[in-house]
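Novice: Here it is, the structure in full.
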Amino acid sequence: MSSNYICFSVIPSLCYCYFFSAKIPKGIPRLISLLPIFYLFTILPLYFSSAFLTAITTFSITWLAIFKLVLFAFDQGPLIINAPNPKIISLPVFISIAALPLRTTFTPNQNRKNPMNSAVQLVIFAVLMEIILHHKSEIHPKLVLIFYCVMIFLMIDILIALSSLIIKHFLCLDIEFESPSNEPYFSTSLQDFWGRRWNLTVTHTLRFTVYNPVRLVLLHVIGRKWAQHSASLATFLVSGLMHELVFYYVNNGVRPSGEIMNFFVLHGLCLMVEIEVKKVLKDTWRLPGLVSGPLTVGFVAVTAFGLFFPPIIRNGVDESILEEIGFCFDFLKDKMLQFVIFDKICNFGY
């Protein structure tokens, strides 16, 4: 089975969801009708030989698309317009939102990023990638990890910006998209980082698929306080498991070490402690942002150095992905140069 066949199989699958599953009553019956699609989306990454494409497919299709379709089964989430009477969105929008890591808004987005920001991010990413690919041996390992942190942030923003560009300018769909992140380097607490700033597409999806259901189920069993903490910890646990799944596929089935999941569980526990400390102190004492900001970002970075990145670096996945991205950059540069030369020839003498 070729990669092209796999890519195009996603569209018929989502058409099945739109035309068949949508007609089935919401809830368990519709969820059952979606099980074949869940199976297909789960095995898709196995047919890619590219580490980068495997990572993107697992993240966008195996993770986010399945979670969005679970919400769709219950008339919830981004694939449904929550009007007085919930209704499904149009087919092109349905396919775009389901297949791509996007978060839409049906109101004008006043905080939309300037397109120039994406261009600047692309330049910064290209510079860092060039340094890592050709001068990694000359750089201190800790500095390399710092570069990786920055590059992950930039890559998420760039991929979502490109997805938005394709939909709005090539498919001509008039949709407003939320920014994928909200300047996470300005975070003043773990609650601020994970809840309001970092990778908001995943945060939003996990809130509706994990946090809200777990909190509602436990609310009358263990009380509001512990229901919220349990739901928060469950959300981090699921996020950790899905990240482990991504790297399981990228590592060609190498058994996960559990370090990545431990990273998210650790942050879930620390977030619980942080919330309780805030409740105890209330407004009597608070660290200034100039102190809490570096402490928060520093804690995220240091724990990522010790738990998140080692399994990626250990198997050489980082180098494989960067080499593939570097090849894509070189290919695009060659095509752009050919286009410029062709344009000059066509316009010669005019």
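Residue numbering restarts at 1 in every chain; chains get A, B, ... in the order shown in the structure tokens, and ligands count up from 1 in that same order.
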Going by DSSP on the backbone, which bits of region 42-233 of chain A are helix (DSSP H, G or I)? Write them as a PyMOL selection string, please.

Specialist: chain A and resi 42-47+51-73+91-99+115-138+141-170+184-186+190-197+200-233

Novice: Write out as a list in words which residues come within 7 Å of Leu200 (chain A) when counting only C-alpha atoms, dropping same-chain ones fewer than 4 positions away.

Specialist: Pro180, Ser181, Arg196 and His204 of chain A

Novice: Hey, which of A:Gly258, A:Pro213, A:Gly268, A:Pro36 ends up closest to Leu237 (chain A)? Count only C-alpha atoms.

Specialist: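 Among A:Gly258, A:Pro213, A:Gly268, A:Pro36, it is A:Gly268 that comes nearest to Leu237 (chain A).
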
Novice: To one decimal place, how far is CA of Thr205 (chain A) from CA of Trp63 (chain A) in Å?

Specialist: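 Going from CA of Thr205 (chain A) over to CA of Trp63 (chain A), I get 10.0 Å.
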
Novice: Determine, counting only C-alpha atoms, which protein, DNA and RNA residues have an atom within 8 Å of an atom of Leu133 (chain A); residues of the same chain fewer than 3 positions away are not included. Present the result as an mmCIF file with all heavy atoms, in the first residue's frame.

Specialist:
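For reference, part.cif as written:
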data_model
loop_
_atom_site.group_PDB
_atom_site.id
_atom_site.type_symbol
_atom_site.label_atom_id
_atom_site.label_comp_id
_atom_site.auth_asym_id
_atom_site.auth_seq_id
_atom_site.Cartn_x
_atom_site.Cartn_y
_atom_site.Cartn_z
ATOM 1 N N MET A 129 17.734 24.629 12.485
ATOM 2 C CA MET A 129 17.902 23.324 11.853
ATOM 3 C C MET A 129 19.262 23.220 11.169
ATOM 4 O O MET A 129 19.935 22.185 11.243
ATOM 5 C CB MET A 129 16.779 23.093 10.845
ATOM 6 C CG MET A 129 16.756 21.683 10.290
ATOM 7 S SD MET A 129 15.414 21.471 9.127
ATOM 8 C CE MET A 129 15.955 22.586 7.826
ATOM 9 N N GLU A 130 19.668 24.299 10.507
ATOM 10 C CA GLU A 130 20.983 24.318 9.852
ATOM 11 C C GLU A 130 22.095 24.142 10.874
ATOM 12 O O GLU A 130 23.063 23.396 10.651
ATOM 13 C CB GLU A 130 21.148 25.648 9.105
ATOM 14 C CG GLU A 130 22.388 25.736 8.247
ATOM 15 C CD GLU A 130 22.313 24.891 6.997
ATOM 16 O OE1 GLU A 130 21.197 24.461 6.620
ATOM 17 O OE2 GLU A 130 23.383 24.648 6.398
ATOM 18 N N LYS A 136 26.135 20.225 15.154
ATOM 19 C CA LYS A 136 25.664 19.647 16.409
ATOM 20 C C LYS A 136 26.812 19.178 17.298
ATOM 21 O O LYS A 136 26.774 19.344 18.522
ATOM 22 C CB LYS A 136 24.722 18.476 16.111
ATOM 23 C CG LYS A 136 24.101 17.849 17.354
ATOM 24 C CD LYS A 136 23.124 16.743 16.974
ATOM 25 C CE LYS A 136 22.534 16.106 18.225
ATOM 26 N NZ LYS A 136 21.586 15.012 17.863
ATOM 27 N N GLU A 319 17.425 13.040 14.613
ATOM 28 C CA GLU A 319 18.256 13.261 13.425
ATOM 29 C C GLU A 319 17.518 12.845 12.144
ATOM 30 O O GLU A 319 17.618 13.529 11.123
ATOM 31 C CB GLU A 319 19.569 12.496 13.564
ATOM 32 C CG GLU A 319 20.450 13.014 14.705
ATOM 33 C CD GLU A 319 21.752 12.248 14.822
ATOM 34 O OE1 GLU A 319 21.923 11.271 14.058
ATOM 35 O OE2 GLU A 319 22.593 12.625 15.664
ATOM 36 N N LEU A 322 14.922 15.591 11.344
ATOM 37 C CA LEU A 322 15.563 16.833 10.891
ATOM 38 C C LEU A 322 16.153 16.665 9.489
ATOM 39 O O LEU A 322 16.091 17.596 8.676
ATOM 40 C CB LEU A 322 16.642 17.253 11.879
ATOM 41 C CG LEU A 322 16.136 17.806 13.216
ATOM 42 C CD1 LEU A 322 17.298 18.099 14.150
ATOM 43 C CD2 LEU A 322 15.297 19.064 13.013
ATOM 44 N N GLU A 323 16.717 15.514 9.215
ATOM 45 C CA GLU A 323 17.257 15.281 7.864
ATOM 46 C C GLU A 323 16.145 15.303 6.815
ATOM 47 O O GLU A 323 16.320 15.845 5.724
ATOM 48 C CB GLU A 323 17.999 13.939 7.832
ATOM 49 C CG GLU A 323 19.352 13.976 8.553
ATOM 50 C CD GLU A 323 19.994 12.613 8.627
ATOM 51 O OE1 GLU A 323 19.391 11.638 8.106
ATOM 52 O OE2 GLU A 323 21.096 12.497 9.205
#

Novice: Dump as CSV the rows for residues of region 127-245 of chain A within 9 Å of region 301-305 of chain A: closest atom pair and distance in Å with one decimal, only C-alpha atoms counted, ordered by chain and rising residue number.

Specialist:
residue,atom,partner,partner_atom,distance
A:Lys142,CA,A:Phe305,CA,7.9
A:Leu145,CA,A:Phe305,CA,6.6
A:Ile146,CA,A:Ala301,CA,7.5
A:Cys149,CA,A:Ala301,CA,7.3

Novice: Please identify all polymer residues within 9 Å of Leu100 (chain A), counting only C-alpha atoms, omitting same-chain residues fewer than 2 positions from it, and present them as a PyMOL selection string.

Specialist: chain A and resi 60-61+64-65+95-98+102-103+160+163-164

Novice: What does the file look like for those residues with N, CA and C atoms, as a PDB file, in the first residue's frame?

Specialist:
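out.pdb was written with the following content:
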ATOM      1  N   SER A  60      -1.962  13.986  13.753  1.00  0.00           N
ATOM      2  CA  SER A  60      -3.143  14.603  13.152  1.00  0.00           C
ATOM      3  C   SER A  60      -4.311  13.627  12.984  1.00  0.00           C
ATOM      4  N   ILE A  61      -4.000  12.395  12.550  1.00  0.00           N
ATOM      5  CA  ILE A  61      -5.058  11.441  12.214  1.00  0.00           C
ATOM      6  C   ILE A  61      -5.323  10.449  13.341  1.00  0.00           C
ATOM      7  N   LEU A  64      -5.645  13.199  16.957  1.00  0.00           N
ATOM      8  CA  LEU A  64      -6.627  14.265  16.986  1.00  0.00           C
ATOM      9  C   LEU A  64      -7.892  13.937  16.190  1.00  0.00           C
ATOM     10  N   ALA A  65      -7.740  13.339  15.003  1.00  0.00           N
ATOM     11  CA  ALA A  65      -8.928  13.035  14.198  1.00  0.00           C
ATOM     12  C   ALA A  65      -9.846  12.045  14.912  1.00  0.00           C
ATOM     13  N   ILE A  95     -14.092  17.828   6.549  1.00  0.00           N
ATOM     14  CA  ILE A  95     -12.880  17.087   6.203  1.00  0.00           C
ATOM     15  C   ILE A  95     -11.639  17.853   6.644  1.00  0.00           C
ATOM     16  N   SER A  96     -11.634  19.158   6.419  1.00  0.00           N
ATOM     17  CA  SER A  96     -10.462  19.977   6.757  1.00  0.00           C
ATOM     18  C   SER A  96     -10.190  19.974   8.253  1.00  0.00           C
ATOM     19  N   ILE A  97     -11.237  20.190   9.040  1.00  0.00           N
ATOM     20  CA  ILE A  97     -11.058  20.266  10.493  1.00  0.00           C
ATOM     21  C   ILE A  97     -10.737  18.906  11.082  1.00  0.00           C
ATOM     22  N   ALA A  98     -11.354  17.844  10.541  1.00  0.00           N
ATOM     23  CA  ALA A  98     -11.107  16.498  11.072  1.00  0.00           C
ATOM     24  C   ALA A  98      -9.703  16.012  10.762  1.00  0.00           C
ATOM     25  N   LEU A 102      -6.266  21.587  13.439  1.00  0.00           N
ATOM     26  CA  LEU A 102      -6.745  22.961  13.492  1.00  0.00           C
ATOM     27  C   LEU A 102      -7.841  23.116  14.531  1.00  0.00           C
ATOM     28  N   ARG A 103      -7.943  24.314  15.043  1.00  0.00           N
ATOM     29  CA  ARG A 103      -9.000  24.657  15.992  1.00  0.00           C
ATOM     30  C   ARG A 103      -9.716  25.880  15.450  1.00  0.00           C
ATOM     31  N   ILE A 160       0.541  24.327  11.549  1.00  0.00           N
ATOM     32  CA  ILE A 160      -0.845  24.787  11.611  1.00  0.00           C
ATOM     33  C   ILE A 160      -1.041  26.007  10.725  1.00  0.00           C
ATOM     34  N   SER A 163      -1.364  24.617   7.253  1.00  0.00           N
ATOM     35  CA  SER A 163      -2.672  23.993   7.087  1.00  0.00           C
ATOM     36  C   SER A 163      -3.743  25.054   6.871  1.00  0.00           C
ATOM     37  N   SER A 164      -3.664  26.113   7.660  1.00  0.00           N
ATOM     38  CA  SER A 164      -4.623  27.217   7.522  1.00  0.00           C
ATOM     39  C   SER A 164      -4.501  27.888   6.164  1.00  0.00           C
TER      40      SER A 164
END

Novice: For each of A:Val273, A:Ile66, A:Leu128, A:Cys15, take the minimum atom-to-atom distance to Pro92 (chain A), counting only C-alpha atoms, then give the residue where this is smallest.

Specialist: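 Among the listed residues, A:Cys15 lies closest to Pro92 (chain A).
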
Novice: Using only C-alpha atoms, can you tell me which of A:Phe38, A:Phe59, A:Phe208, A:Tyr47 comes closest to Leu245 (chain A)?

Specialist: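 Nearest candidate to Leu245 (chain A) out of A:Phe38, A:Phe59, A:Phe208, A:Tyr47: A:Phe59.
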
Novice: DSSP on the backbone: which residues in region 3-155 of chain A end up as strand (DSSP E or B)? Give the answer as a list in words.

Specialist: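 Reading the DSSP output for region 3-155 of chain A, strand (DSSP E or B) covers Ile80, Ile81, Lys87, Ile88, Thr104 and Thr105 of chain A.
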
Novice: Would you export the selected residues with C-alpha atoms as a PDB file, in the first residue's frame, please?

Specialist:
ATOM      1  CA  ILE A  80     -20.603  20.167  15.110  1.00  0.00           C
ATOM      2  CA  ILE A  81     -22.054  23.679  15.258  1.00  0.00           C
ATOM      3  CA  LYS A  87     -25.970  20.583  13.221  1.00  0.00           C
ATOM      4  CA  ILE A  88     -23.075  19.244  11.216  1.00  0.00           C
ATOM      5  CA  THR A 104     -11.724  26.811  14.507  1.00  0.00           C
ATOM      6  CA  THR A 105     -13.759  29.700  15.779  1.00  0.00           C
TER       7      THR A 105
END

Novice: If you count only C-alpha atoms, which residues fall within 10 Å of region 275-284 of chain A, apart from same-chain ones fewer than 4 positions away, as a list in words?

Specialist: Ser189, Leu190, Gln191, Lys225, His229, Cys270 and Leu271 of chain A

Novice: Return the single residue from A:Val250, A:Asp192, A:Pro184, A:Arg314 that is closest to Leu53 (chain A), with distances computed using only C-alpha atoms.

Specialist: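 Among the listed residues, A:Val250 lies closest to Leu53 (chain A).
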
Novice: By how many Å are CA of Thr235 (chain A) and CA of Tyr211 (chain A) apart?

Specialist: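 Between CA of Thr235 (chain A) and CA of Tyr211 (chain A) the gap is 5.7 Å.
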